[in-house]
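Asks: Enclosed is the structure file run05.pdb (PDB, C-alpha atoms).
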```
ATOM      1  CA  MET H   1       0.000   0.000   0.000
ATOM      2  CA  ARG H   2       1.175   3.503  -0.844
ATOM      3  CA  ALA H   3      -0.574   5.739   1.676
ATOM      4  CA  LEU H   4      -0.817   9.464   2.271
ATOM      5  CA  ILE H   5      -1.973  10.474   5.771
ATOM      6  CA  THR H   6      -3.396  13.940   6.345
ATOM      7  CA  GLY H   7      -3.052  15.135   9.923
ATOM      8  CA  SER H   8       0.053  12.985  10.279
ATOM      9  CA  SER H   9       1.465  15.116  13.109
ATOM     10  CA  GLY H  10      -1.446  14.292  15.422
ATOM     11  CA  PHE H  11      -1.725  11.510  17.991
ATOM     12  CA  VAL H  12      -3.497   9.062  15.675
ATOM     13  CA  GLY H  13      -1.556  10.197  12.614
ATOM     14  CA  GLN H  14       1.807   9.496  14.237
ATOM     15  CA  ALA H  15       0.675   6.071  15.441
ATOM     16  CA  LEU H  16      -0.620   5.144  11.979
ATOM     17  CA  MET H  17       2.582   6.384  10.326
ATOM     18  CA  ARG H  18       4.625   4.127  12.631
ATOM     19  CA  ARG H  19       2.316   1.157  12.073
ATOM     20  CA  LEU H  20       2.299   1.350   8.280
ATOM     21  CA  ALA H  21       6.052   1.960   8.004
ATOM     22  CA  ALA H  22       6.799  -0.970  10.335
ATOM     23  CA  ASN H  23       4.673  -3.251   8.155
ATOM     24  CA  GLY H  24       6.471  -2.310   4.952
ATOM     25  CA  HIS H  25       3.982   0.126   3.454
ATOM     26  CA  ASP H  26       5.200   3.206   1.588
ATOM     27  CA  VAL H  27       3.774   6.054   3.643
ATOM     28  CA  ARG H  28       3.985   9.850   3.704
ATOM     29  CA  GLY H  29       2.362  12.370   5.960
ATOM     30  CA  PHE H  30       0.631  15.606   5.021
ATOM     31  CA  SER H  31       0.494  18.324   7.652
ATOM     32  CA  ARG H  32       0.899  22.047   8.128
ATOM     33  CA  SER H  33       4.309  21.546   9.708
ATOM     34  CA  GLY H  34       5.677  19.033   7.170
ATOM     35  CA  GLY H  35       8.788  17.160   8.259
ATOM     36  CA  ALA H  36      11.166  14.382   7.264
ATOM     37  CA  ASP H  37       8.405  11.918   6.365
ATOM     38  CA  ALA H  38       5.641  14.432   5.723
ATOM     39  CA  LEU H  39       4.715  16.842   2.954
ATOM     40  CA  ALA H  40       3.822  20.375   4.019
ATOM     41  CA  GLY H  41       0.293  21.385   3.172
ATOM     42  CA  ASP H  42      -3.133  22.372   4.426
ATOM     43  CA  LEU H  43      -6.591  21.027   3.594
ATOM     44  CA  LEU H  44      -7.709  24.655   3.300
ATOM     45  CA  ASP H  45      -5.148  25.153   0.496
ATOM     46  CA  PRO H  46      -6.390  23.085  -2.477
ATOM     47  CA  ALA H  47      -3.169  23.629  -4.449
ATOM     48  CA  SER H  48      -1.076  22.013  -1.706
ATOM     49  CA  ILE H  49      -3.362  18.948  -1.653
ATOM     50  CA  ARG H  50      -3.154  18.479  -5.402
ATOM     51  CA  ALA H  51       0.626  18.909  -5.341
ATOM     52  CA  ALA H  52       0.966  16.227  -2.653
ATOM     53  CA  LEU H  53      -1.221  13.761  -4.547
ATOM     54  CA  ALA H  54       0.540  14.387  -7.846
ATOM     55  CA  GLY H  55       4.013  14.187  -6.310
ATOM     56  CA  PHE H  56       3.582  11.118  -4.114
ATOM     57  CA  GLN H  57       0.836   9.374  -6.098
ATOM     58  CA  PRO H  58      -0.711   7.347  -3.255
ATOM     59  CA  ASP H  59      -3.256   4.644  -3.882
ATOM     60  CA  VAL H  60      -4.803   5.101  -0.415
ATOM     61  CA  VAL H  61      -5.463   8.361   1.432
ATOM     62  CA  TYR H  62      -6.243   8.522   5.154
ATOM     63  CA  ASN H  63      -7.936  11.783   6.048
ATOM     64  CA  LEU H  64      -7.151  12.203   9.745
ATOM     65  CA  ALA H  65      -6.729  15.989   9.678
ATOM     66  CA  ALA H  66      -9.280  17.784  11.830
ATOM     67  CA  GLU H  67      -9.836  20.835  13.945
ATOM     68  CA  THR H  68     -11.007  19.964  17.451
ATOM     69  CA  ASP H  69     -11.935  21.946  20.535
ATOM     70  CA  LEU H  70      -9.837  19.946  23.004
ATOM     71  CA  LYS H  71      -7.477  22.919  23.409
ATOM     72  CA  GLY H  72     -10.083  25.680  23.246
ATOM     73  CA  PRO H  73     -12.047  27.220  20.359
ATOM     74  CA  PRO H  74     -10.736  26.134  16.937
ATOM     75  CA  LYS H  75      -8.773  28.801  15.093
ATOM     76  CA  ASN H  76     -10.671  28.335  11.835
ATOM     77  CA  GLY H  77     -14.110  27.440  13.150
ATOM     78  CA  TYR H  78     -13.824  23.732  12.194
ATOM     79  CA  ALA H  79     -13.216  24.662   8.543
ATOM     80  CA  ALA H  80     -10.810  21.720   8.093
ATOM     81  CA  ASN H  81     -13.678  19.367   8.940
ATOM     82  CA  THR H  82     -15.999  20.800   6.288
ATOM     83  CA  MET H  83     -14.281  22.930   3.661
ATOM     84  CA  GLY H  84     -11.143  20.807   4.036
ATOM     85  CA  VAL H  85     -13.165  17.671   3.305
ATOM     86  CA  ARG H  86     -14.706  19.361   0.255
ATOM     87  CA  ASN H  87     -11.260  20.361  -1.023
ATOM     88  CA  LEU H  88      -9.874  16.847  -0.546
ATOM     89  CA  LEU H  89     -12.910  15.274  -2.238
ATOM     90  CA  GLU H  90     -12.352  17.425  -5.310
ATOM     91  CA  ALA H  91      -8.615  16.676  -5.338
ATOM     92  CA  VAL H  92      -8.903  12.886  -5.024
ATOM     93  CA  ALA H  93     -11.604  12.825  -7.710
ATOM     94  CA  ASP H  94      -8.974  14.158 -10.132
ATOM     95  CA  ALA H  95      -6.096  12.000  -8.823
ATOM     96  CA  PRO H  96      -5.729   8.868 -11.002
ATOM     97  CA  SER H  97      -3.474   7.051  -8.520
ATOM     98  CA  VAL H  98      -5.974   7.200  -5.638
ATOM     99  CA  SER H  99      -8.314   4.221  -5.400
ATOM    100  CA  ARG H 100      -9.443   4.465  -1.757
ATOM    101  CA  VAL H 101      -9.974   7.130   0.912
ATOM    102  CA  ILE H 102     -10.570   6.535   4.624
ATOM    103  CA  TRP H 103     -12.507   9.527   5.977
ATOM    104  CA  MET H 104     -12.016   9.634   9.748
ATOM    105  CA  SER H 105     -15.070  10.889  11.633
ATOM    106  CA  SER H 106     -16.108  10.887  15.286
ATOM    107  CA  GLN H 107     -18.588   9.325  17.678
ATOM    108  CA  LEU H 108     -19.659  12.907  18.484
ATOM    109  CA  VAL H 109     -21.794  13.062  15.363
ATOM    110  CA  ASN H 110     -24.236  11.786  17.994
ATOM    111  CA  ARG H 111     -24.354  12.680  21.655
ATOM    112  CA  PRO H 112     -23.036  10.067  24.129
ATOM    113  CA  GLY H 113     -25.806   7.638  24.918
ATOM    114  CA  CYS H 114     -27.737   8.390  21.717
ATOM    115  CA  ALA H 115     -28.788   5.369  19.649
ATOM    116  CA  PRO H 116     -29.021   6.552  16.009
ATOM    117  CA  ALA H 117     -31.514   4.797  13.756
ATOM    118  CA  SER H 118     -29.137   4.819  10.781
ATOM    119  CA  ASP H 119     -25.701   6.004   9.618
ATOM    120  CA  THR H 120     -27.245   9.324   8.562
ATOM    121  CA  ASP H 121     -29.272   9.914  11.740
ATOM    122  CA  TYR H 122     -27.371  12.725  13.467
ATOM    123  CA  ASP H 123     -27.675  14.397  16.859
ATOM    124  CA  PRO H 124     -24.224  15.984  17.155
ATOM    125  CA  GLN H 125     -22.572  17.137  20.351
ATOM    126  CA  GLY H 126     -21.175  20.653  20.058
ATOM    127  CA  GLY H 127     -19.642  22.456  17.120
ATOM    128  CA  TYR H 128     -17.031  19.760  16.583
ATOM    129  CA  GLY H 129     -19.634  17.000  16.335
ATOM    130  CA  ALA H 130     -21.739  19.100  13.973
ATOM    131  CA  SER H 131     -18.735  19.759  11.723
ATOM    132  CA  LYS H 132     -17.868  16.056  11.529
ATOM    133  CA  ALA H 133     -21.483  15.231  10.681
ATOM    134  CA  GLU H 134     -21.306  17.778   7.859
ATOM    135  CA  GLY H 135     -18.057  16.193   6.669
ATOM    136  CA  GLU H 136     -19.788  12.823   6.503
ATOM    137  CA  ARG H 137     -22.638  14.327   4.485
ATOM    138  CA  LEU H 138     -20.176  15.793   2.005
ATOM    139  CA  VAL H 139     -18.450  12.427   1.506
ATOM    140  CA  ARG H 140     -21.731  10.615   0.934
ATOM    141  CA  SER H 141     -23.160  13.242  -1.409
ATOM    142  CA  ALA H 142     -19.993  13.107  -3.544
ATOM    143  CA  ASP H 143     -19.778   9.291  -3.320
ATOM    144  CA  GLY H 144     -16.304   9.704  -1.881
ATOM    145  CA  GLY H 145     -15.027  11.500  -4.979
ATOM    146  CA  GLY H 146     -15.764   8.421  -7.078
ATOM    147  CA  LYS H 147     -13.303   6.267  -5.110
ATOM    148  CA  THR H 148     -13.713   3.401  -2.676
ATOM    149  CA  TRP H 149     -14.590   5.110   0.580
ATOM    150  CA  VAL H 150     -15.211   4.214   4.201
ATOM    151  CA  ILE H 151     -16.110   6.380   7.201
ATOM    152  CA  PRO H 152     -14.703   5.128  10.517
ATOM    153  CA  ARG H 153     -15.949   6.931  13.610
ATOM    154  CA  SER H 154     -13.371   7.201  16.371
ATOM    155  CA  THR H 155     -14.249   7.079  20.049
ATOM    156  CA  THR H 156     -12.205   8.175  23.070
ATOM    157  CA  ILE H 157      -8.590   7.253  22.271
ATOM    158  CA  TRP H 158      -6.129   6.384  25.024
ATOM    159  CA  GLY H 159      -2.587   5.111  25.318
ATOM    160  CA  PRO H 160       1.006   6.408  25.367
ATOM    161  CA  GLY H 161       1.123   9.889  23.843
ATOM    162  CA  MET H 162      -2.565  10.614  24.527
ATOM    163  CA  SER H 163      -3.635  14.244  24.634
ATOM    164  CA  GLU H 164      -3.484  16.199  27.858
ATOM    165  CA  HIS H 165      -7.267  16.479  27.724
ATOM    166  CA  TYR H 166      -7.535  12.739  28.463
ATOM    167  CA  ALA H 167      -4.229  12.243  30.248
ATOM    168  CA  GLY H 168      -5.577  14.632  32.872
ATOM    169  CA  VAL H 169      -7.813  11.829  34.151
ATOM    170  CA  LEU H 170      -4.760   9.660  34.739
ATOM    171  CA  ARG H 171      -3.036  12.524  36.545
ATOM    172  CA  LEU H 172      -6.001  12.746  38.910
ATOM    173  CA  ILE H 173      -5.644   9.018  39.590
ATOM    174  CA  GLN H 174      -1.894   9.465  40.179
ATOM    175  CA  ARG H 175      -2.607  12.214  42.717
ATOM    176  CA  GLY H 176      -5.402  10.333  44.463
ATOM    177  CA  LEU H 177      -8.044  12.873  43.338
ATOM    178  CA  TYR H 178     -10.158  10.651  41.114
ATOM    179  CA  PHE H 179     -13.316   8.946  42.387
ATOM    180  CA  HIS H 180     -15.872   6.423  41.160
ATOM    181  CA  VAL H 181     -19.500   7.510  40.896
ATOM    182  CA  GLY H 182     -21.785   4.800  42.227
ATOM    183  CA  ARG H 183     -20.951   1.108  42.172
ATOM    184  CA  ARG H 184     -22.330  -0.210  38.907
ATOM    185  CA  PRO H 185     -20.057  -0.789  35.889
ATOM    186  CA  ARG H 186     -19.737   2.083  33.387
ATOM    187  CA  LEU H 187     -19.211   0.561  29.964
ATOM    188  CA  LYS H 188     -17.315   2.545  27.314
ATOM    189  CA  SER H 189     -16.329   1.714  23.746
ATOM    190  CA  TRP H 190     -12.859   3.275  23.882
ATOM    191  CA  SER H 191      -9.887   2.752  21.585
ATOM    192  CA  TYR H 192      -6.362   1.847  22.624
ATOM    193  CA  ILE H 193      -4.102   3.738  20.219
ATOM    194  CA  ASP H 194      -2.178   0.772  18.786
ATOM    195  CA  THR H 195      -5.403  -1.170  18.241
ATOM    196  CA  LEU H 196      -6.875   1.831  16.450
ATOM    197  CA  ALA H 197      -3.837   2.118  14.166
ATOM    198  CA  SER H 198      -4.090  -1.590  13.360
ATOM    199  CA  GLN H 199      -7.795  -1.258  12.546
ATOM    200  CA  LEU H 200      -7.087   1.698  10.252
ATOM    201  CA  GLU H 201      -4.416  -0.318   8.472
ATOM    202  CA  ALA H 202      -6.979  -3.074   7.867
ATOM    203  CA  LEU H 203      -9.403  -0.577   6.326
ATOM    204  CA  GLY H 204      -6.714   0.402   3.854
ATOM    205  CA  THR H 205      -5.689  -3.128   2.869
ATOM    206  CA  ALA H 206      -8.940  -5.141   2.973
ATOM    207  CA  PRO H 207     -10.610  -5.992  -0.354
ATOM    208  CA  ALA H 208     -12.555  -2.971  -1.616
ATOM    209  CA  ASP H 209     -15.895  -4.778  -1.632
ATOM    210  CA  ARG H 210     -15.566  -5.477   2.105
ATOM    211  CA  VAL H 211     -15.233  -1.801   3.105
ATOM    212  CA  HIS H 212     -16.755   0.383   0.386
ATOM    213  CA  GLY H 213     -19.509   2.639   1.682
ATOM    214  CA  LEU H 214     -19.289   1.451   5.281
ATOM    215  CA  THR H 215     -19.731   3.672   8.311
ATOM    216  CA  LEU H 216     -18.347   1.870  11.348
ATOM    217  CA  TYR H 217     -17.062   2.490  14.843
ATOM    218  CA  LEU H 218     -13.433   1.778  15.709
ATOM    219  CA  ALA H 219     -13.051   0.698  19.331
ATOM    220  CA  ASP H 220     -11.735  -2.038  21.556
ATOM    221  CA  SER H 221     -13.878  -5.098  22.044
ATOM    222  CA  PRO H 222     -15.245  -5.971  24.466
ATOM    223  CA  PRO H 223     -16.013  -2.453  25.762
ATOM    224  CA  ILE H 224     -14.036  -1.158  28.717
ATOM    225  CA  ASP H 225     -15.557  -1.016  32.184
ATOM    226  CA  LEU H 226     -14.474   2.463  33.306
ATOM    227  CA  ARG H 227     -14.363   1.321  36.925
ATOM    228  CA  ALA H 228     -12.057  -1.628  36.146
ATOM    229  CA  TRP H 229      -9.925   0.526  33.805
ATOM    230  CA  SER H 230      -9.344   3.280  36.361
ATOM    231  CA  ASP H 231      -8.774   0.756  39.171
ATOM    232  CA  ALA H 232      -6.096  -0.891  37.011
ATOM    233  CA  PHE H 233      -4.313   2.446  36.652
ATOM    234  CA  ALA H 234      -4.707   3.154  40.371
ATOM    235  CA  HIS H 235      -3.054  -0.187  41.146
ATOM    236  CA  ARG H 236      -0.135   0.696  38.842
ATOM    237  CA  PHE H 237       0.224   4.086  40.570
ATOM    238  CA  GLY H 238      -0.048   2.710  44.109
ATOM    239  CA  ARG H 239      -3.433   4.334  44.733
ATOM    240  CA  ARG H 240      -6.935   3.262  45.708
ATOM    241  CA  ILE H 241     -10.025   4.968  44.323
ATOM    242  CA  ALA H 242     -12.892   5.965  46.612
ATOM    243  CA  THR H 243     -16.531   5.666  45.544
ATOM    244  CA  LEU H 244     -18.818   8.697  45.724
ATOM    245  CA  PRO H 245     -22.612   8.248  45.851
ATOM    246  CA  GLU H 246     -24.231   9.560  42.684
ATOM    247  CA  PRO H 247     -26.400  12.238  44.423
ATOM    248  CA  ILE H 248     -23.302  13.784  46.004
ATOM    249  CA  ALA H 249     -21.475  13.702  42.664
ATOM    250  CA  ARG H 250     -24.407  15.494  41.025
ATOM    251  CA  SER H 251     -24.260  18.201  43.692
ATOM    252  CA  LEU H 252     -20.549  18.650  43.073
ATOM    253  CA  GLY H 253     -21.228  18.863  39.341
ATOM    254  CA  LEU H 254     -23.751  21.669  39.890
ATOM    255  CA  ALA H 255     -21.245  23.511  42.082
ATOM    256  CA  GLY H 256     -18.672  23.069  39.316
ATOM    257  CA  ASP H 257     -21.121  24.587  36.820
ATOM    258  CA  VAL H 258     -21.257  27.749  38.947
ATOM    259  CA  MET H 259     -17.455  27.857  39.253
ATOM    260  CA  ALA H 260     -17.061  27.455  35.500
ATOM    261  CA  ARG H 261     -19.480  30.325  34.825
ATOM    262  CA  LEU H 262     -17.394  32.493  37.148
ATOM    263  CA  GLY H 263     -14.228  31.583  35.261
ATOM    264  CA  LEU H 264     -12.852  29.467  38.125
ATOM    265  CA  PRO H 265     -11.233  26.011  37.730
ATOM    266  CA  ALA H 266     -13.938  23.362  37.962
ATOM    267  CA  PRO H 267     -12.657  19.781  38.344
ATOM    268  CA  LEU H 268     -16.208  18.449  37.891
ATOM    269  CA  THR H 269     -19.173  19.883  35.988
ATOM    270  CA  SER H 270     -22.556  18.422  35.165
ATOM    271  CA  ARG H 271     -21.450  17.764  31.589
ATOM    272  CA  ARG H 272     -18.304  15.944  32.693
ATOM    273  CA  LEU H 273     -20.313  13.909  35.193
ATOM    274  CA  HIS H 274     -22.845  12.992  32.511
ATOM    275  CA  ASN H 275     -20.034  11.737  30.264
ATOM    276  CA  MET H 276     -18.585   9.726  33.164
ATOM    277  CA  ILE H 277     -21.767   7.934  34.160
ATOM    278  CA  THR H 278     -23.344   7.436  30.720
ATOM    279  CA  ASP H 279     -22.680   4.090  29.085
ATOM    280  CA  TYR H 280     -21.788   4.271  25.424
ATOM    281  CA  VAL H 281     -21.243   0.965  23.721
ATOM    282  CA  TYR H 282     -20.979   0.707  19.948
ATOM    283  CA  ASP H 283     -21.288  -2.289  17.692
ATOM    284  CA  THR H 284     -17.712  -3.289  16.883
ATOM    285  CA  ALA H 285     -18.689  -6.455  15.008
ATOM    286  CA  PRO H 286     -18.218  -4.753  11.588
ATOM    287  CA  ILE H 287     -14.593  -3.742  12.256
ATOM    288  CA  ASP H 288     -13.877  -7.068  13.999
ATOM    289  CA  ARG H 289     -15.015  -8.900  10.853
ATOM    290  CA  ILE H 290     -12.511  -6.903   8.802
ATOM    291  CA  HIS H 291      -9.641  -6.662  11.292
ATOM    292  CA  GLY H 292     -10.193  -9.486  13.750
ATOM    293  CA  PRO H 293     -10.425  -8.994  17.532
ATOM    294  CA  PRO H 294      -7.960  -6.584  19.169
ATOM    295  CA  ALA H 295      -4.588  -8.169  19.949
ATOM    296  CA  ILE H 296      -3.833  -5.876  22.913
ATOM    297  CA  SER H 297      -5.791  -6.428  26.119
ATOM    298  CA  MET H 298      -6.945  -3.640  28.401
ATOM    299  CA  GLN H 299      -4.441  -4.809  31.025
ATOM    300  CA  GLU H 300      -1.537  -4.617  28.557
ATOM    301  CA  GLY H 301      -2.674  -1.200  27.375
ATOM    302  CA  VAL H 302      -2.807   0.007  30.978
ATOM    303  CA  ARG H 303       0.707  -1.324  31.625
ATOM    304  CA  ARG H 304       2.168   0.458  28.601
ATOM    305  CA  THR H 305       0.320   3.690  29.321
ATOM    306  CA  ALA H 306       1.244   3.730  33.010
ATOM    307  CA  GLU H 307       4.904   3.255  32.103
ATOM    308  CA  TRP H 308       4.635   6.162  29.671
ATOM    309  CA  MET H 309       3.025   8.310  32.377
ATOM    310  CA  ASP H 310       5.785   7.404  34.825
ATOM    311  CA  ALA H 311       8.474   8.275  32.283
ATOM    312  CA  THR H 312       6.958  11.582  31.188
ATOM    313  CA  THR H 313       5.293  12.972  34.311
ATOM    314  CA  GLY H 314       7.326  11.717  37.234
ATOM    315  CA  GLY H 315       4.799   9.051  38.155
ATOM    316  CA  ALA H 316       7.292   7.017  40.188
ATOM    317  CA  PRO H 317       7.601   9.602  43.006
ATOM    318  CA  GLU H 318       3.800   9.700  43.202
ATOM    319  CA  LYS H 319       3.714   5.938  43.778
ATOM    320  CA  GLU H 320       6.393   6.171  46.473
ATOM    321  CA  THR H 321       4.437   8.890  48.268
ATOM    322  CA  ALA H 322       1.248   6.864  48.111
ATOM    323  CA  ALA H 323       2.978   3.813  49.555
ATOM    324  CA  ARG H 324       4.113   5.588  52.684
TER     325      ARG H 324
END
```
Using the file provided, produce a representation of the structure as structure tokens.

Replies:
Amino acid sequence: MRALITGSSGFVGQALMRRLAANGHDVRGFSRSGGADALAGDLLDPASIRAALAGFQPDVVYNLAAETDLKGPPKNGYAANTMGVRNLLEAVADAPSVSRVIWMSSQLVNRPGCAPASDTDYDPQGGYGASKAEGERLVRSADGGGKTWVIPRSTTIWGPGMSEHYAGVLRLIQRGLYFHVGRRPRLKSWSYIDTLASQLEALGTAPADRVHGLTLYLADSPPIDLRAWSDAFAHRFGRRIATLPEPIARSLGLAGDVMARLGLPAPLTSRRLHNMITDYVYDTAPIDRIHGPPAISMQEGVRRTAEWMDATTGGAPEKETAAR
């Protein structure tokens, strides 16, 4: 496979670059910053897209580039997720080498806990979710630029190198500030980063008739029990996690809402609590039929991620303190 990856400087892009290169594929990135293995360009600059396609001549394109709101309001109002998709659709339609495009989307085209009736039944969460839903509509209306196309929806992605937005949860566990809400399991279809990269590779290499036109969720199977997942990290960090009754947690969330409105740090808000206690489990049978079951267990993912946290954030002193 000769693959071009837009958004190659991101968390998922870097993992997919490593995965494809290790397995002997010819791979190049495409990002605003460029680099040794990446072409400089921007989805909002159609000329740079066409130059990259003409110069590298990939047969598969992974569109992972996106503007998110994990670090605050997006600079371009999510334009990469809409206008960028339109620009790439037009470019790949005119690129004779390209036979397949993987259009990465997001679970947030529907709110957590929502059960859509079809692939085109949308109830997006926030501006980011709405922009990804619009990107999906553009791909479908253009039939993927006349190429084999597939829309994978990513879920919460964890593992070594994860964004600070999600690593912050692990830091709370390290510091003994994380708590369970209630005692029942909280089931989540999350993705360990190396499993996700492997699933994306499979979408690029599987026979075209097995993937064309699919919309499917990429996640670990079986789903993660948030309580077991966080307890596993607590064990690695030498901590124990207390359980807070749900009514008390809801009161703290409301107090956090007030703090947030006043511009004060709010470790817990009603929205964060809702995301914590809401189960979201997606059907991973479609990707498992293409890729096979994940090869990395939750326990192995926790081990690798905890070691990364220790190496990058001074986790070992935290464990020593907790043991005393």

Asks: Can you list what the PyMOL selection byres ((chain H and resi 1-17) around 7) grabs from this structure, as a short mmCIF file (atom, residue, chain, number, x, y, z; two decimals) with C-alpha atoms, in the coordinates of the input?

Replies:
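Final file, result-v7.cif:
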```
data_model
loop_
_atom_site.label_atom_id
_atom_site.label_comp_id
_atom_site.auth_asym_id
_atom_site.auth_seq_id
_atom_site.Cartn_x
_atom_site.Cartn_y
_atom_site.Cartn_z
CA ARG H 18 4.62 4.13 12.63
CA ARG H 19 2.32 1.16 12.07
CA LEU H 20 2.30 1.35 8.28
CA ALA H 21 6.05 1.96 8.00
CA HIS H 25 3.98 0.13 3.45
CA ASP H 26 5.20 3.21 1.59
CA VAL H 27 3.77 6.05 3.64
CA ARG H 28 3.98 9.85 3.70
CA GLY H 29 2.36 12.37 5.96
CA PHE H 30 0.63 15.61 5.02
CA SER H 31 0.49 18.32 7.65
CA PRO H 58 -0.71 7.35 -3.26
CA ASP H 59 -3.26 4.64 -3.88
CA VAL H 60 -4.80 5.10 -0.42
CA VAL H 61 -5.46 8.36 1.43
CA TYR H 62 -6.24 8.52 5.15
CA ASN H 63 -7.94 11.78 6.05
CA LEU H 64 -7.15 12.20 9.74
CA ALA H 65 -6.73 15.99 9.68
CA GLY H 161 1.12 9.89 23.84
CA MET H 162 -2.56 10.61 24.53
CA ASP H 194 -2.18 0.77 18.79
CA ALA H 197 -3.84 2.12 14.17
#
```

Asks: Could you tell me how far CA of Thr305 in chain H sits from CA of His235 in chain H, in Å to one decimal place?

Replies: 12.9 Å

Asks: Pick the closest to Asp119 in chain H from H:Thr215, H:Phe233, H:Asp283, H:Leu170: which is it, counting all atoms listed in the file?

Replies: H:Thr215

Asks: For a quick check of understanding, using only C-alpha atoms, which of H:Val281, H:Leu39, H:Ala51, H:Val150 has the smallest distance to Leu216 in chain H?

Replies: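 The answer is H:Val150, which sits nearest to Leu216 in chain H.
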
Asks: Of the residues H:Glu300, H:Asp123, H:Glu136, H:Asp143, which is the one nearest to Trp103 in chain H, using all atoms listed in the file?

Replies: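 Among the listed residues, H:Glu136 lies closest to Trp103 in chain H.
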
Asks: Please write the residues picked by the PyMOL selection byres ((chain H and resi 79) around 12) on this file as a count of residues only.

Replies: 28

Asks: Between H:Ser297, H:Ser191, H:Ser270, H:Ser251, which is the closest to Thr155 in chain H once you count all atoms listed in the file?

Replies: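 Result for the nearest residue to Thr155 in chain H: H:Ser191.
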
Asks: Kindly give the distance, in Å, that separates CA of Ala228 in chain H and CA of Arg175 in chain H, rounded to a single decimal.

Replies: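 Between CA of Ala228 in chain H and CA of Arg175 in chain H the gap is 18.0 Å.
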
Asks: Out of H:Ile151, H:Met104, H:Ala242, H:Ala95, which residue has the shortest atom-to-atom distance to Gln57 in chain H when counting all atoms listed in the file?

Replies: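 Comparing H:Ile151, H:Met104, H:Ala242, H:Ala95 against Gln57 in chain H, the winner is H:Ala95.
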
Asks: With only C-alpha atoms as the atoms that count, which of H:Glu246, H:Gln299, H:Pro222, H:Gly144 lies nearest to Ala93 in chain H?

Replies: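 Result for the nearest residue to Ala93 in chain H: H:Gly144.
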
Asks: If the box runs along x, y and z of the file and leaves 5 Å on each side of range 291-306 of chain H, what are its centre and edge lengths in Å, one decimal, as JSON?

Replies:
```
{"center_x": -4.1, "center_y": -2.9, "center_z": 22.2, "size_x": 22.6, "size_y": 23.2, "size_z": 31.7}
```

Asks: Have a look at CA of Ala133 in chain H and CA of Ala52 in chain H and let me know their distance in Å, one decimal.

Replies: 26.1 Å

Asks: If we count only C-alpha atoms and set the cut-off at 7 Å, which residues sit around Pro124 in chain H, ignoring sequence neighbours fewer than 4 positions away in its own chain? Please answer as a list in words.

Replies: Leu108, Val109, Asn110, Arg111, Gly129 and Ala130 of chain H

Asks: Once the PyMOL selection byres ((chain H and resi 190) around 6) has been applied to the shown file, what residues remain in the selection, as a PyMOL selection string?

Replies: chain H and resi 155-156+188-189+191+219-220

Asks: At a cut-off of 8 Å, using all atoms listed in the file, what residues contact Ala202 in chain H? Leave out same-chain residues fewer than 4 positions from it and give the result as a list in words.

Replies: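 Answer for this query is Ser198, Ala206, Ile290 and His291 of chain H.
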
Asks: Residues proximal to (-8.0, -8.1, 17.7) were defined as those with any atom within 10 Å of that point in the file's coordinates, counting all atoms listed in the file. Which are they, as a VMD selection string?

Replies: chain H and resid 195 198 to 199 220 to 221 287 to 289 291 to 297
